[in-house]
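Okay, protein-v1.pdb is below, PDB, C-alpha atoms:
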```pdb
ATOM      1  CA  MET A   1     -20.119 -63.262  28.817  1.00  0.00           C
ATOM      2  CA  ASN A   2     -17.476 -65.843  29.607  1.00  0.00           C
ATOM      3  CA  SER A   3     -13.751 -65.103  29.879  1.00  0.00           C
ATOM      4  CA  TYR A   4     -13.025 -66.833  26.549  1.00  0.00           C
ATOM      5  CA  SER A   5     -15.111 -64.283  24.639  1.00  0.00           C
ATOM      6  CA  LYS A   6     -12.947 -61.473  26.046  1.00  0.00           C
ATOM      7  CA  ILE A   7      -9.730 -62.923  24.613  1.00  0.00           C
ATOM      8  CA  ARG A   8      -8.381 -60.861  21.721  1.00  0.00           C
ATOM      9  CA  TYR A   9      -5.872 -62.791  19.645  1.00  0.00           C
ATOM     10  CA  ALA A  10      -3.040 -60.955  17.918  1.00  0.00           C
ATOM     11  CA  ARG A  11      -3.976 -59.731  14.478  1.00  0.00           C
ATOM     12  CA  LYS A  12      -1.882 -60.319  11.388  1.00  0.00           C
ATOM     13  CA  PRO A  13      -2.028 -57.595   8.737  1.00  0.00           C
ATOM     14  CA  ILE A  14      -2.876 -59.108   5.368  1.00  0.00           C
ATOM     15  CA  THR A  15      -3.865 -57.703   1.994  1.00  0.00           C
ATOM     16  CA  THR A  16      -6.431 -59.806   0.194  1.00  0.00           C
ATOM     17  CA  SER A  17     -10.109 -59.862  -0.752  1.00  0.00           C
ATOM     18  CA  CYS A  18     -13.113 -61.352   0.969  1.00  0.00           C
ATOM     19  CA  PHE A  19     -16.471 -62.277  -0.515  1.00  0.00           C
ATOM     20  CA  LEU A  20     -19.209 -61.583   2.058  1.00  0.00           C
ATOM     21  CA  VAL A  21     -22.691 -63.111   1.786  1.00  0.00           C
ATOM     22  CA  MET A  22     -25.553 -62.029   4.031  1.00  0.00           C
ATOM     23  CA  LYS A  23     -29.276 -62.624   3.585  1.00  0.00           C
ATOM     24  CA  GLY A  24     -28.880 -63.433  -0.103  1.00  0.00           C
ATOM     25  CA  GLN A  25     -26.809 -60.327  -0.825  1.00  0.00           C
ATOM     26  CA  SER A  26     -23.081 -60.307  -1.511  1.00  0.00           C
ATOM     27  CA  ILE A  27     -20.195 -57.865  -1.696  1.00  0.00           C
ATOM     28  CA  VAL A  28     -16.439 -58.035  -2.165  1.00  0.00           C
ATOM     29  CA  MET A  29     -14.512 -56.399   0.670  1.00  0.00           C
ATOM     30  CA  GLU A  30     -10.834 -55.829   1.406  1.00  0.00           C
ATOM     31  CA  VAL A  31      -9.208 -57.668   4.336  1.00  0.00           C
ATOM     32  CA  LYS A  32      -7.244 -55.460   6.745  1.00  0.00           C
ATOM     33  CA  ASN A  33      -6.150 -58.119   9.240  1.00  0.00           C
ATOM     34  CA  ILE A  34      -6.960 -61.599  10.491  1.00  0.00           C
ATOM     35  CA  SER A  35      -6.562 -63.461  13.785  1.00  0.00           C
ATOM     36  CA  ALA A  36      -7.315 -66.902  15.185  1.00  0.00           C
ATOM     37  CA  SER A  37     -10.754 -65.696  16.244  1.00  0.00           C
ATOM     38  CA  GLY A  38     -11.808 -63.142  13.638  1.00  0.00           C
ATOM     39  CA  ILE A  39     -11.167 -60.721  10.821  1.00  0.00           C
ATOM     40  CA  LEU A  40     -11.307 -56.983  10.103  1.00  0.00           C
ATOM     41  CA  LEU A  41     -12.606 -55.864   6.708  1.00  0.00           C
ATOM     42  CA  SER A  42     -12.722 -52.395   5.197  1.00  0.00           C
ATOM     43  CA  TYR A  43     -16.340 -51.284   4.943  1.00  0.00           C
ATOM     44  CA  ASP A  44     -18.096 -48.529   3.061  1.00  0.00           C
ATOM     45  CA  GLU A  45     -21.284 -47.723   4.965  1.00  0.00           C
ATOM     46  CA  ASN A  46     -22.800 -46.586   1.655  1.00  0.00           C
ATOM     47  CA  SER A  47     -22.542 -50.113   0.229  1.00  0.00           C
ATOM     48  CA  ASP A  48     -25.574 -52.117  -0.841  1.00  0.00           C
ATOM     49  CA  ILE A  49     -25.267 -54.286   2.267  1.00  0.00           C
ATOM     50  CA  ASN A  50     -26.165 -52.582   5.520  1.00  0.00           C
ATOM     51  CA  LEU A  51     -24.233 -54.442   8.227  1.00  0.00           C
ATOM     52  CA  ARG A  52     -25.245 -54.251  11.883  1.00  0.00           C
ATOM     53  CA  HIS A  53     -23.816 -55.593  15.130  1.00  0.00           C
ATOM     54  CA  ASP A  54     -24.581 -59.346  15.573  1.00  0.00           C
ATOM     55  CA  ASP A  55     -25.407 -59.895  11.866  1.00  0.00           C
ATOM     56  CA  PHE A  56     -24.586 -63.421  10.673  1.00  0.00           C
ATOM     57  CA  CYS A  57     -22.517 -63.637   7.463  1.00  0.00           C
ATOM     58  CA  VAL A  58     -20.647 -66.180   5.407  1.00  0.00           C
ATOM     59  CA  LEU A  59     -17.148 -65.120   4.391  1.00  0.00           C
ATOM     60  CA  GLU A  60     -15.017 -66.546   1.599  1.00  0.00           C
ATOM     61  CA  ILE A  61     -11.529 -65.219   2.254  1.00  0.00           C
ATOM     62  CA  ILE A  62      -9.330 -65.462  -0.831  1.00  0.00           C
ATOM     63  CA  LEU A  63      -5.811 -66.147   0.430  1.00  0.00           C
ATOM     64  CA  ASN A  64      -4.064 -67.556  -2.650  1.00  0.00           C
ATOM     65  CA  GLU A  65      -4.722 -69.761  -5.674  1.00  0.00           C
ATOM     66  CA  GLU A  66      -4.597 -72.949  -3.597  1.00  0.00           C
ATOM     67  CA  PHE A  67      -6.401 -71.842  -0.445  1.00  0.00           C
ATOM     68  CA  ASN A  68      -9.629 -69.996   0.252  1.00  0.00           C
ATOM     69  CA  LEU A  69     -11.079 -69.890   3.748  1.00  0.00           C
ATOM     70  CA  HIS A  70     -14.851 -70.342   3.983  1.00  0.00           C
ATOM     71  CA  VAL A  71     -16.165 -69.402   7.440  1.00  0.00           C
ATOM     72  CA  GLU A  72     -19.332 -68.428   9.221  1.00  0.00           C
ATOM     73  CA  ALA A  73     -18.948 -65.161  11.129  1.00  0.00           C
ATOM     74  CA  GLU A  74     -20.798 -62.576  13.174  1.00  0.00           C
ATOM     75  CA  VAL A  75     -20.384 -58.794  13.123  1.00  0.00           C
ATOM     76  CA  THR A  76     -18.865 -57.623  16.414  1.00  0.00           C
ATOM     77  CA  ARG A  77     -17.896 -54.016  15.665  1.00  0.00           C
ATOM     78  CA  ILE A  78     -18.438 -51.364  13.010  1.00  0.00           C
ATOM     79  CA  SER A  79     -16.232 -48.281  13.094  1.00  0.00           C
ATOM     80  CA  GLU A  80     -14.230 -45.943  10.890  1.00  0.00           C
ATOM     81  CA  GLU A  81     -11.491 -48.596  11.017  1.00  0.00           C
ATOM     82  CA  GLY A  82     -13.763 -51.144   9.333  1.00  0.00           C
ATOM     83  CA  VAL A  83     -16.108 -53.969  10.263  1.00  0.00           C
ATOM     84  CA  ALA A  84     -14.896 -56.657  12.658  1.00  0.00           C
ATOM     85  CA  PHE A  85     -16.190 -60.212  12.616  1.00  0.00           C
ATOM     86  CA  LYS A  86     -15.705 -63.085  15.027  1.00  0.00           C
ATOM     87  CA  PHE A  87     -15.490 -66.514  13.489  1.00  0.00           C
ATOM     88  CA  ILE A  88     -18.377 -68.751  14.516  1.00  0.00           C
ATOM     89  CA  LYS A  89     -17.463 -71.838  12.508  1.00  0.00           C
ATOM     90  CA  ILE A  90     -14.272 -72.753  10.663  1.00  0.00           C
ATOM     91  CA  PRO A  91     -14.444 -76.040   8.739  1.00  0.00           C
ATOM     92  CA  GLU A  92     -12.122 -78.621  10.291  1.00  0.00           C
ATOM     93  CA  GLU A  93     -10.101 -79.063   7.093  1.00  0.00           C
ATOM     94  CA  LYS A  94      -9.401 -75.298   6.983  1.00  0.00           C
ATOM     95  CA  GLN A  95      -8.191 -74.909  10.586  1.00  0.00           C
ATOM     96  CA  ILE A  96      -4.600 -76.086  10.097  1.00  0.00           C
ATOM     97  CA  PRO A  97      -4.078 -73.964   6.944  1.00  0.00           C
ATOM     98  CA  LEU A  98      -5.454 -70.938   8.863  1.00  0.00           C
ATOM     99  CA  TRP A  99      -3.037 -71.566  11.746  1.00  0.00           C
ATOM    100  CA  GLU A 100      -0.184 -71.894   9.232  1.00  0.00           C
ATOM    101  CA  LEU A 101      -1.211 -68.587   7.625  1.00  0.00           C
ATOM    102  CA  LEU A 102      -1.247 -66.869  11.013  1.00  0.00           C
ATOM    103  CA  GLY A 103       2.184 -68.242  11.898  1.00  0.00           C
ATOM    104  CA  GLU A 104       3.475 -66.618  15.089  1.00  0.00           C
ATOM    105  CA  HIS A 105       0.175 -64.730  15.493  1.00  0.00           C
ATOM    106  CA  VAL A 106      -1.880 -67.897  15.979  1.00  0.00           C
ATOM    107  CA  ASP A 107      -1.742 -68.077  19.769  1.00  0.00           C
ATOM    108  CA  LYS A 108      -0.556 -64.617  20.800  1.00  0.00           C
ATOM    109  CA  VAL A 109      -3.031 -62.586  22.806  1.00  0.00           C
ATOM    110  CA  GLU A 110      -3.264 -58.790  22.665  1.00  0.00           C
ATOM    111  CA  LYS A 111      -3.277 -56.944  25.932  1.00  0.00           C
TER     112      LYS A 111
END
```
Could you write out this file's structure as structure tokens?
Amino acid sequence: MNSYSKIRYARKPITTSCFLVMKGQSIVMEVKNISASGILLSYDENSDINLRHDDFCVLEIILNEEFNLHVEAEVTRISEEGVAFKFIKIPEEKQIPLWELLGEHVDKVEK
């Protein structure tokens, strides 16, 4: 594990929905917070999709009428708090709008 993977960027609380697709299945989940490197979604373990650590997913994060964020992500943690994903790939044209959404949280690191 390199030192970059240990960085935990500050999370911005946000209330919105996320469409998750994994292995041909899909579910709508609620976003709890987002950072420059990942996202935390509420997760009901009794849902039709059984998520596990390291699962690959595609997320369509619905931010507003003009901007949805389509990213590839990997499950990093599942807990009572929710399911955490790290972003694997953010399309180039979506990076600047994501940074603008994050505002002051974009480059802050949690300790």
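Between CA of Gly82 (chain A) and CA of Ser26 (chain A) lies a distance of 17.0 Å.
Closest approach to Glu66 (chain A) from the set A:Ile27, A:Gly103, A:Lys86, A:Pro97 is made by A:Pro97, with distances taken over only C-alpha atoms.
Of the listed residues A:Asn33, A:Ser79, A:Asn68, A:Asn46, the one whose atoms come nearest to Gln95 (chain A) is A:Asn68, with distances taken using all atoms listed in the file.
Separating CA of His70 (chain A) from CA of Glu45 (chain A) is a distance of 23.5 Å.
Using only C-alpha atoms for every distance, the candidate list A:His53, A:Ile78, A:Ser35, A:Ile61 yields A:Ser35 as the residue closest to Glu100 (chain A).
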Seminar exercise, completed: The distance between CA of Leu98 (chain A) and CA of Gln25 (chain A) is 25.7 Å
Taking all atoms of region 77-88 of chain A that appear in the file, build a box with edges along x, y and z, extend it by 5 Å on every side, and state its centre and edge lengths in Å to one decimal, as AutoDock Vina command-line options.
```
--center_x -15.0 --center_y -57.3 --center_z 12.5 --size_x 16.9 --size_y 32.8 --size_z 16.3
```
For this session: Go through the shown structure with the PyMOL selection byres ((chain A and resi 42) around 7) and write out the matching residues as a ChimeraX atom specification.
Result: /A:29-32,40-41,43-44,82-83
Exercise. Exactly which residues make up the result of the PyMOL selection byres ((chain A and resi 90) around 6) on this file, given as a list in words?
Worked result: Val71, Lys89 and Pro91 of chain A
Quick check on the file I pasted: which residues fall under the PyMOL selection byres ((chain A and resi 76) around 12)? Write them as a PDB file with C-alpha atoms, in the frame of the given file.
```pdb
ATOM      1  CA  SER A   5     -15.111 -64.283  24.639  1.00  0.00           C
ATOM      2  CA  LYS A   6     -12.947 -61.473  26.046  1.00  0.00           C
ATOM      3  CA  SER A  37     -10.754 -65.696  16.244  1.00  0.00           C
ATOM      4  CA  GLY A  38     -11.808 -63.142  13.638  1.00  0.00           C
ATOM      5  CA  ILE A  39     -11.167 -60.721  10.821  1.00  0.00           C
ATOM      6  CA  LEU A  40     -11.307 -56.983  10.103  1.00  0.00           C
ATOM      7  CA  LEU A  41     -12.606 -55.864   6.708  1.00  0.00           C
ATOM      8  CA  LEU A  51     -24.233 -54.442   8.227  1.00  0.00           C
ATOM      9  CA  ARG A  52     -25.245 -54.251  11.883  1.00  0.00           C
ATOM     10  CA  HIS A  53     -23.816 -55.593  15.130  1.00  0.00           C
ATOM     11  CA  ASP A  54     -24.581 -59.346  15.573  1.00  0.00           C
ATOM     12  CA  ASP A  55     -25.407 -59.895  11.866  1.00  0.00           C
ATOM     13  CA  PHE A  56     -24.586 -63.421  10.673  1.00  0.00           C
ATOM     14  CA  CYS A  57     -22.517 -63.637   7.463  1.00  0.00           C
ATOM     15  CA  ALA A  73     -18.948 -65.161  11.129  1.00  0.00           C
ATOM     16  CA  GLU A  74     -20.798 -62.576  13.174  1.00  0.00           C
ATOM     17  CA  VAL A  75     -20.384 -58.794  13.123  1.00  0.00           C
ATOM     18  CA  ARG A  77     -17.896 -54.016  15.665  1.00  0.00           C
ATOM     19  CA  ILE A  78     -18.438 -51.364  13.010  1.00  0.00           C
ATOM     20  CA  SER A  79     -16.232 -48.281  13.094  1.00  0.00           C
ATOM     21  CA  GLY A  82     -13.763 -51.144   9.333  1.00  0.00           C
ATOM     22  CA  VAL A  83     -16.108 -53.969  10.263  1.00  0.00           C
ATOM     23  CA  ALA A  84     -14.896 -56.657  12.658  1.00  0.00           C
ATOM     24  CA  PHE A  85     -16.190 -60.212  12.616  1.00  0.00           C
ATOM     25  CA  LYS A  86     -15.705 -63.085  15.027  1.00  0.00           C
ATOM     26  CA  PHE A  87     -15.490 -66.514  13.489  1.00  0.00           C
ATOM     27  CA  ILE A  88     -18.377 -68.751  14.516  1.00  0.00           C
TER      28      ILE A  88
END
```
Problem set entry | Sel. within 12 Å of pt (1.9, -68.5, 8.6), counting all atoms listed in the file, output as a PyMOL selection string | chain A and resi 12-14+34-36+63+96-107
